[in-house]
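Printed here is upload.cif (mmCIF, N, CA and C atoms and all ligand atoms):
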data_work
#
loop_
_atom_site.label_atom_id
_atom_site.label_comp_id
_atom_site.auth_asym_id
_atom_site.auth_seq_id
_atom_site.Cartn_x
_atom_site.Cartn_y
_atom_site.Cartn_z
N MET A 51 140.97 186.08 80.26
CA MET A 51 141.60 185.92 81.57
C MET A 51 140.67 186.44 82.66
N LYS A 52 140.50 185.62 83.69
CA LYS A 52 139.65 186.03 84.80
C LYS A 52 140.45 186.88 85.79
N LEU A 53 139.84 187.95 86.22
CA LEU A 53 140.48 188.81 87.21
C LEU A 53 139.58 188.91 88.43
N HIS A 54 140.19 189.31 89.50
CA HIS A 54 139.47 189.39 90.76
C HIS A 54 139.23 190.85 91.13
N ASP A 55 137.99 191.22 91.27
CA ASP A 55 137.65 192.55 91.75
C ASP A 55 137.89 192.56 93.27
N GLU A 56 138.92 193.29 93.69
CA GLU A 56 139.34 193.22 95.10
C GLU A 56 138.32 193.83 96.06
N VAL A 57 137.43 194.64 95.56
CA VAL A 57 136.48 195.32 96.45
C VAL A 57 135.27 194.44 96.73
N CYS A 58 134.59 193.97 95.71
CA CYS A 58 133.37 193.19 95.94
C CYS A 58 133.61 191.69 95.81
N GLY A 59 134.82 191.30 95.34
CA GLY A 59 135.14 189.88 95.27
C GLY A 59 134.68 189.19 94.01
N MET A 60 134.08 189.93 93.10
CA MET A 60 133.57 189.34 91.87
C MET A 60 134.70 188.92 90.93
N GLU A 61 134.49 187.82 90.20
CA GLU A 61 135.41 187.44 89.14
C GLU A 61 134.95 188.15 87.87
N ILE A 62 135.87 188.86 87.23
CA ILE A 62 135.49 189.57 86.00
C ILE A 62 136.51 189.32 84.90
N GLU A 63 136.06 189.46 83.67
CA GLU A 63 136.96 189.41 82.53
C GLU A 63 137.56 190.81 82.37
N ALA A 64 138.84 190.87 81.99
CA ALA A 64 139.50 192.16 81.83
C ALA A 64 138.70 193.06 80.87
N LYS A 65 138.17 192.46 79.81
CA LYS A 65 137.44 193.26 78.82
C LYS A 65 136.11 193.78 79.37
N ASP A 66 135.60 193.14 80.42
CA ASP A 66 134.33 193.57 81.00
C ASP A 66 134.52 194.58 82.14
N ALA A 67 135.76 194.84 82.50
CA ALA A 67 135.99 195.77 83.61
C ALA A 67 135.49 197.16 83.26
N GLU A 68 134.72 197.74 84.16
CA GLU A 68 134.18 199.07 83.94
C GLU A 68 135.20 200.14 84.31
N ALA A 69 136.14 199.76 85.19
CA ALA A 69 137.11 200.74 85.66
C ALA A 69 138.39 200.04 86.07
N THR A 70 139.50 200.74 85.94
CA THR A 70 140.78 200.20 86.39
C THR A 70 141.47 201.26 87.25
N VAL A 71 142.29 200.77 88.17
CA VAL A 71 143.06 201.67 89.04
C VAL A 71 144.49 201.17 89.07
N GLU A 72 145.42 202.09 88.91
CA GLU A 72 146.84 201.77 89.02
C GLU A 72 147.26 201.96 90.47
N PHE A 73 147.90 200.94 91.03
CA PHE A 73 148.36 201.04 92.41
C PHE A 73 149.60 200.17 92.56
N GLN A 74 150.67 200.72 93.09
CA GLN A 74 151.92 199.99 93.29
C GLN A 74 152.36 199.27 92.02
N ASP A 75 152.32 199.95 90.90
CA ASP A 75 152.75 199.41 89.60
C ASP A 75 151.87 198.26 89.11
N GLU A 76 150.72 198.06 89.74
CA GLU A 76 149.81 197.02 89.28
C GLU A 76 148.53 197.69 88.80
N THR A 77 147.86 197.03 87.86
CA THR A 77 146.57 197.53 87.42
C THR A 77 145.48 196.64 88.00
N TYR A 78 144.57 197.24 88.72
CA TYR A 78 143.45 196.50 89.31
C TYR A 78 142.20 196.80 88.50
N HIS A 79 141.41 195.76 88.27
CA HIS A 79 140.20 195.88 87.46
C HIS A 79 138.98 195.76 88.35
N PHE A 80 137.96 196.55 88.01
CA PHE A 80 136.75 196.56 88.84
C PHE A 80 135.50 196.44 87.98
N CYS A 81 134.47 195.86 88.59
CA CYS A 81 133.22 195.62 87.88
C CYS A 81 132.46 196.92 87.67
N SER A 82 132.76 197.92 88.49
CA SER A 82 132.02 199.17 88.39
C SER A 82 132.87 200.33 88.87
N GLU A 83 132.49 201.52 88.47
CA GLU A 83 133.19 202.72 88.92
C GLU A 83 133.06 202.86 90.43
N ARG A 84 131.97 202.36 90.97
CA ARG A 84 131.73 202.43 92.41
C ARG A 84 132.81 201.66 93.18
N CYS A 85 133.11 200.44 92.72
CA CYS A 85 134.16 199.65 93.36
C CYS A 85 135.52 200.34 93.19
N ALA A 86 135.77 200.88 92.00
CA ALA A 86 137.05 201.55 91.75
C ALA A 86 137.21 202.74 92.68
N ARG A 87 136.14 203.45 92.91
CA ARG A 87 136.21 204.64 93.78
C ARG A 87 136.55 204.21 95.22
N LYS A 88 135.91 203.14 95.68
CA LYS A 88 136.21 202.64 97.03
C LYS A 88 137.67 202.25 97.15
N PHE A 89 138.17 201.59 96.10
CA PHE A 89 139.57 201.16 96.12
C PHE A 89 140.50 202.36 96.15
N ARG A 90 140.20 203.38 95.36
CA ARG A 90 141.06 204.58 95.32
C ARG A 90 141.11 205.26 96.67
N GLU A 91 139.97 205.25 97.39
CA GLU A 91 139.92 205.92 98.69
C GLU A 91 140.77 205.18 99.73
N HIS A 92 140.70 203.85 99.71
CA HIS A 92 141.42 203.06 100.72
C HIS A 92 142.04 201.81 100.11
N PRO A 93 143.02 201.97 99.24
CA PRO A 93 143.62 200.77 98.61
C PRO A 93 144.19 199.81 99.64
N ASP A 94 144.66 200.35 100.76
CA ASP A 94 145.28 199.50 101.80
C ASP A 94 144.27 198.59 102.49
N TRP A 95 142.97 198.87 102.34
CA TRP A 95 141.96 197.97 102.90
C TRP A 95 141.85 196.69 102.09
N TYR A 96 142.26 196.77 100.83
CA TYR A 96 141.98 195.67 99.90
C TYR A 96 143.20 194.87 99.48
N VAL A 97 144.35 195.51 99.43
CA VAL A 97 145.56 194.80 99.04
C VAL A 97 146.69 195.16 100.00
N PRO A 98 147.66 194.25 100.16
CA PRO A 98 148.79 194.56 101.04
C PRO A 98 149.59 195.72 100.46
N VAL A 99 149.93 196.65 101.33
CA VAL A 99 150.70 197.81 100.88
C VAL A 99 152.19 197.51 101.08
N ARG A 100 152.93 197.72 100.00
CA ARG A 100 154.37 197.47 100.05
C ARG A 100 155.09 198.55 100.83
N SER A 101 156.10 198.14 101.52
CA SER A 101 156.94 199.12 102.19
C SER A 101 158.14 199.42 101.31
N ASP A 102 158.48 200.70 101.18
CA ASP A 102 159.62 201.09 100.36
C ASP A 102 160.94 200.68 101.02
N ARG A 103 160.88 200.36 102.30
CA ARG A 103 162.12 200.10 103.04
C ARG A 103 162.57 198.64 102.92
N GLU A 104 161.76 197.78 102.32
CA GLU A 104 162.15 196.37 102.20
C GLU A 104 163.23 196.16 101.16
ZN ZN A 201 133.04 195.15 92.10
#

Could you render the structure from this file as structure tokens?
Amino acid sequence: MKLHDEVCGMEIEAKDAEATVEFQDETYHFCSERCARKFREHPDWYVPVRSDRE
């Protein structure tokens, strides 16, 4: 299954992901620890943040 690295935009296979981050009950896969770190610092830059009030 192809996954999308939200930070650098690369298409990656889940098995090739170097790092994963859990956010809003979803698991995001990244090509490198570097991308994962960027995502952890500012997840809202890369994916829509859910509001608890909806
Ligand atoms: Zn990446």

What do you get as a PDB file with N, CA and C atoms, in the coordinates of the input if you pick all residues at most 6.5 Å from ligand ZN 201 (chain A), counting all atoms listed in the file?
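Final output, saved to part_4.pdb:
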ATOM      1  N   ASP A  55     137.990 191.220  91.270  1.00  0.00           N
ATOM      2  CA  ASP A  55     137.650 192.550  91.750  1.00  0.00           C
ATOM      3  C   ASP A  55     137.890 192.560  93.270  1.00  0.00           C
ATOM      4  N   GLU A  56     138.920 193.290  93.690  1.00  0.00           N
ATOM      5  CA  GLU A  56     139.340 193.220  95.100  1.00  0.00           C
ATOM      6  C   GLU A  56     138.320 193.830  96.060  1.00  0.00           C
ATOM      7  N   VAL A  57     137.430 194.640  95.560  1.00  0.00           N
ATOM      8  CA  VAL A  57     136.480 195.320  96.450  1.00  0.00           C
ATOM      9  C   VAL A  57     135.270 194.440  96.730  1.00  0.00           C
ATOM     10  N   CYS A  58     134.590 193.970  95.710  1.00  0.00           N
ATOM     11  CA  CYS A  58     133.370 193.190  95.940  1.00  0.00           C
ATOM     12  C   CYS A  58     133.610 191.690  95.810  1.00  0.00           C
ATOM     13  N   GLY A  59     134.820 191.300  95.340  1.00  0.00           N
ATOM     14  CA  GLY A  59     135.140 189.880  95.270  1.00  0.00           C
ATOM     15  C   GLY A  59     134.680 189.190  94.010  1.00  0.00           C
ATOM     16  N   MET A  60     134.080 189.930  93.100  1.00  0.00           N
ATOM     17  CA  MET A  60     133.570 189.340  91.870  1.00  0.00           C
ATOM     18  C   MET A  60     134.700 188.920  90.930  1.00  0.00           C
ATOM     19  N   PHE A  80     137.960 196.550  88.010  1.00  0.00           N
ATOM     20  CA  PHE A  80     136.750 196.560  88.840  1.00  0.00           C
ATOM     21  C   PHE A  80     135.500 196.440  87.980  1.00  0.00           C
ATOM     22  N   CYS A  81     134.470 195.860  88.590  1.00  0.00           N
ATOM     23  CA  CYS A  81     133.220 195.620  87.880  1.00  0.00           C
ATOM     24  C   CYS A  81     132.460 196.920  87.670  1.00  0.00           C
ATOM     25  N   SER A  82     132.760 197.920  88.490  1.00  0.00           N
ATOM     26  CA  SER A  82     132.020 199.170  88.390  1.00  0.00           C
ATOM     27  C   SER A  82     132.870 200.330  88.870  1.00  0.00           C
ATOM     28  N   CYS A  85     133.110 200.440  92.720  1.00  0.00           N
ATOM     29  CA  CYS A  85     134.160 199.650  93.360  1.00  0.00           C
ATOM     30  C   CYS A  85     135.520 200.340  93.190  1.00  0.00           C
ATOM     31  N   ALA A  86     135.770 200.880  92.000  1.00  0.00           N
ATOM     32  CA  ALA A  86     137.050 201.550  91.750  1.00  0.00           C
ATOM     33  C   ALA A  86     137.210 202.740  92.680  1.00  0.00           C
TER      34      ALA A  86
END

Hey, what does DSSP flag as strand (DSSP E) within chain A? Can you give it to me as a PyMOL selection string?
chain A and resi 52-54+61-63+69-73+76-80

Atoms kept (N, CA and C atoms) for selection, written as a PDB file, keeping the file's coordinate frame:
ATOM      1  N   LYS A  52     140.500 185.620  83.690  1.00  0.00           N
ATOM      2  CA  LYS A  52     139.650 186.030  84.800  1.00  0.00           C
ATOM      3  C   LYS A  52     140.450 186.880  85.790  1.00  0.00           C
ATOM      4  N   LEU A  53     139.840 187.950  86.220  1.00  0.00           N
ATOM      5  CA  LEU A  53     140.480 188.810  87.210  1.00  0.00           C
ATOM      6  C   LEU A  53     139.580 188.910  88.430  1.00  0.00           C
ATOM      7  N   HIS A  54     140.190 189.310  89.500  1.00  0.00           N
ATOM      8  CA  HIS A  54     139.470 189.390  90.760  1.00  0.00           C
ATOM      9  C   HIS A  54     139.230 190.850  91.130  1.00  0.00           C
ATOM     10  N   GLU A  61     134.490 187.820  90.200  1.00  0.00           N
ATOM     11  CA  GLU A  61     135.410 187.440  89.140  1.00  0.00           C
ATOM     12  C   GLU A  61     134.950 188.150  87.870  1.00  0.00           C
ATOM     13  N   ILE A  62     135.870 188.860  87.230  1.00  0.00           N
ATOM     14  CA  ILE A  62     135.490 189.570  86.000  1.00  0.00           C
ATOM     15  C   ILE A  62     136.510 189.320  84.900  1.00  0.00           C
ATOM     16  N   GLU A  63     136.060 189.460  83.670  1.00  0.00           N
ATOM     17  CA  GLU A  63     136.960 189.410  82.530  1.00  0.00           C
ATOM     18  C   GLU A  63     137.560 190.810  82.370  1.00  0.00           C
ATOM     19  N   ALA A  69     136.140 199.760  85.190  1.00  0.00           N
ATOM     20  CA  ALA A  69     137.110 200.740  85.660  1.00  0.00           C
ATOM     21  C   ALA A  69     138.390 200.040  86.070  1.00  0.00           C
ATOM     22  N   THR A  70     139.500 200.740  85.940  1.00  0.00           N
ATOM     23  CA  THR A  70     140.780 200.200  86.390  1.00  0.00           C
ATOM     24  C   THR A  70     141.470 201.260  87.250  1.00  0.00           C
ATOM     25  N   VAL A  71     142.290 200.770  88.170  1.00  0.00           N
ATOM     26  CA  VAL A  71     143.060 201.670  89.040  1.00  0.00           C
ATOM     27  C   VAL A  71     144.490 201.170  89.070  1.00  0.00           C
ATOM     28  N   GLU A  72     145.420 202.090  88.910  1.00  0.00           N
ATOM     29  CA  GLU A  72     146.840 201.770  89.020  1.00  0.00           C
ATOM     30  C   GLU A  72     147.260 201.960  90.470  1.00  0.00           C
ATOM     31  N   PHE A  73     147.900 200.940  91.030  1.00  0.00           N
ATOM     32  CA  PHE A  73     148.360 201.040  92.410  1.00  0.00           C
ATOM     33  C   PHE A  73     149.600 200.170  92.560  1.00  0.00           C
ATOM     34  N   GLU A  76     150.720 198.060  89.740  1.00  0.00           N
ATOM     35  CA  GLU A  76     149.810 197.020  89.280  1.00  0.00           C
ATOM     36  C   GLU A  76     148.530 197.690  88.800  1.00  0.00           C
ATOM     37  N   THR A  77     147.860 197.030  87.860  1.00  0.00           N
ATOM     38  CA  THR A  77     146.570 197.530  87.420  1.00  0.00           C
ATOM     39  C   THR A  77     145.480 196.640  88.000  1.00  0.00           C
ATOM     40  N   TYR A  78     144.570 197.240  88.720  1.00  0.00           N
ATOM     41  CA  TYR A  78     143.450 196.500  89.310  1.00  0.00           C
ATOM     42  C   TYR A  78     142.200 196.800  88.500  1.00  0.00           C
ATOM     43  N   HIS A  79     141.410 195.760  88.270  1.00  0.00           N
ATOM     44  CA  HIS A  79     140.200 195.880  87.460  1.00  0.00           C
ATOM     45  C   HIS A  79     138.980 195.760  88.350  1.00  0.00           C
ATOM     46  N   PHE A  80     137.960 196.550  88.010  1.00  0.00           N
ATOM     47  CA  PHE A  80     136.750 196.560  88.840  1.00  0.00           C
ATOM     48  C   PHE A  80     135.500 196.440  87.980  1.00  0.00           C
TER      49      PHE A  80
END

Atom pair CA of Ala69 (chain A) / CA of Tyr96 (chain A): separation (Å):
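These two atoms are separated by 15.9 Å.
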
Among chain A, which ones does DSSP assign to helix (DSSP H, G or I) (computed from the backbone)? Answer as a ChimeraX atom specification.
/A:64-66,83-91,93-96

Please determine, counting only N, CA and C atoms, which residue among A:Lys65, A:His79, A:Arg100, A:Arg90 has the shortest atom-to-atom distance to Met51 (chain A).
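For Met51 (chain A), the nearest of the candidates is A:Lys65.
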
Hey, can you check how far CA of Lys88 (chain A) sits from atom C of Asp102 (chain A)?
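Result for CA of Lys88 (chain A) versus atom C of Asp102 (chain A): 25.1 Å, one decimal.
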
To one decimal place, how far is atom C of Phe73 (chain A) from atom N of Trp95 (chain A) in Å?
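Those two atoms sit 11.9 Å apart.
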
Given all atoms listed in the file as the basis, pick out the residue of A:Glu83, A:Asp94, A:His54, A:Val99 nearest to Thr70 (chain A).
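Closest candidate: A:Glu83.
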
Spatial neighbours of Lys52 (chain A), max dist 7 Å, only C-alpha atoms, sep filter under 2 positions, as a PDB file with N, CA and C atoms, in the frame of the given file:
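Once written, out-v7.pdb looks like this:
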ATOM      1  N   HIS A  54     140.190 189.310  89.500  1.00  0.00           N
ATOM      2  CA  HIS A  54     139.470 189.390  90.760  1.00  0.00           C
ATOM      3  C   HIS A  54     139.230 190.850  91.130  1.00  0.00           C
ATOM      4  N   GLU A  61     134.490 187.820  90.200  1.00  0.00           N
ATOM      5  CA  GLU A  61     135.410 187.440  89.140  1.00  0.00           C
ATOM      6  C   GLU A  61     134.950 188.150  87.870  1.00  0.00           C
ATOM      7  N   ILE A  62     135.870 188.860  87.230  1.00  0.00           N
ATOM      8  CA  ILE A  62     135.490 189.570  86.000  1.00  0.00           C
ATOM      9  C   ILE A  62     136.510 189.320  84.900  1.00  0.00           C
ATOM     10  N   GLU A  63     136.060 189.460  83.670  1.00  0.00           N
ATOM     11  CA  GLU A  63     136.960 189.410  82.530  1.00  0.00           C
ATOM     12  C   GLU A  63     137.560 190.810  82.370  1.00  0.00           C
ATOM     13  N   ALA A  64     138.840 190.870  81.990  1.00  0.00           N
ATOM     14  CA  ALA A  64     139.500 192.160  81.830  1.00  0.00           C
ATOM     15  C   ALA A  64     138.700 193.060  80.870  1.00  0.00           C
TER      16      ALA A  64
END

Please enclose the listed atoms of region 56-68 of chain A in an axis-aligned box, pad each side by 5 Å, and write out the centre and the three edge lengths in Å, rounded to one decimal, as lines of an AutoDock Vina configuration file.
center_x = 136.4
center_y = 193.8
center_z = 87.8
size_x = 16.1
size_y = 22.7
size_z = 27.9
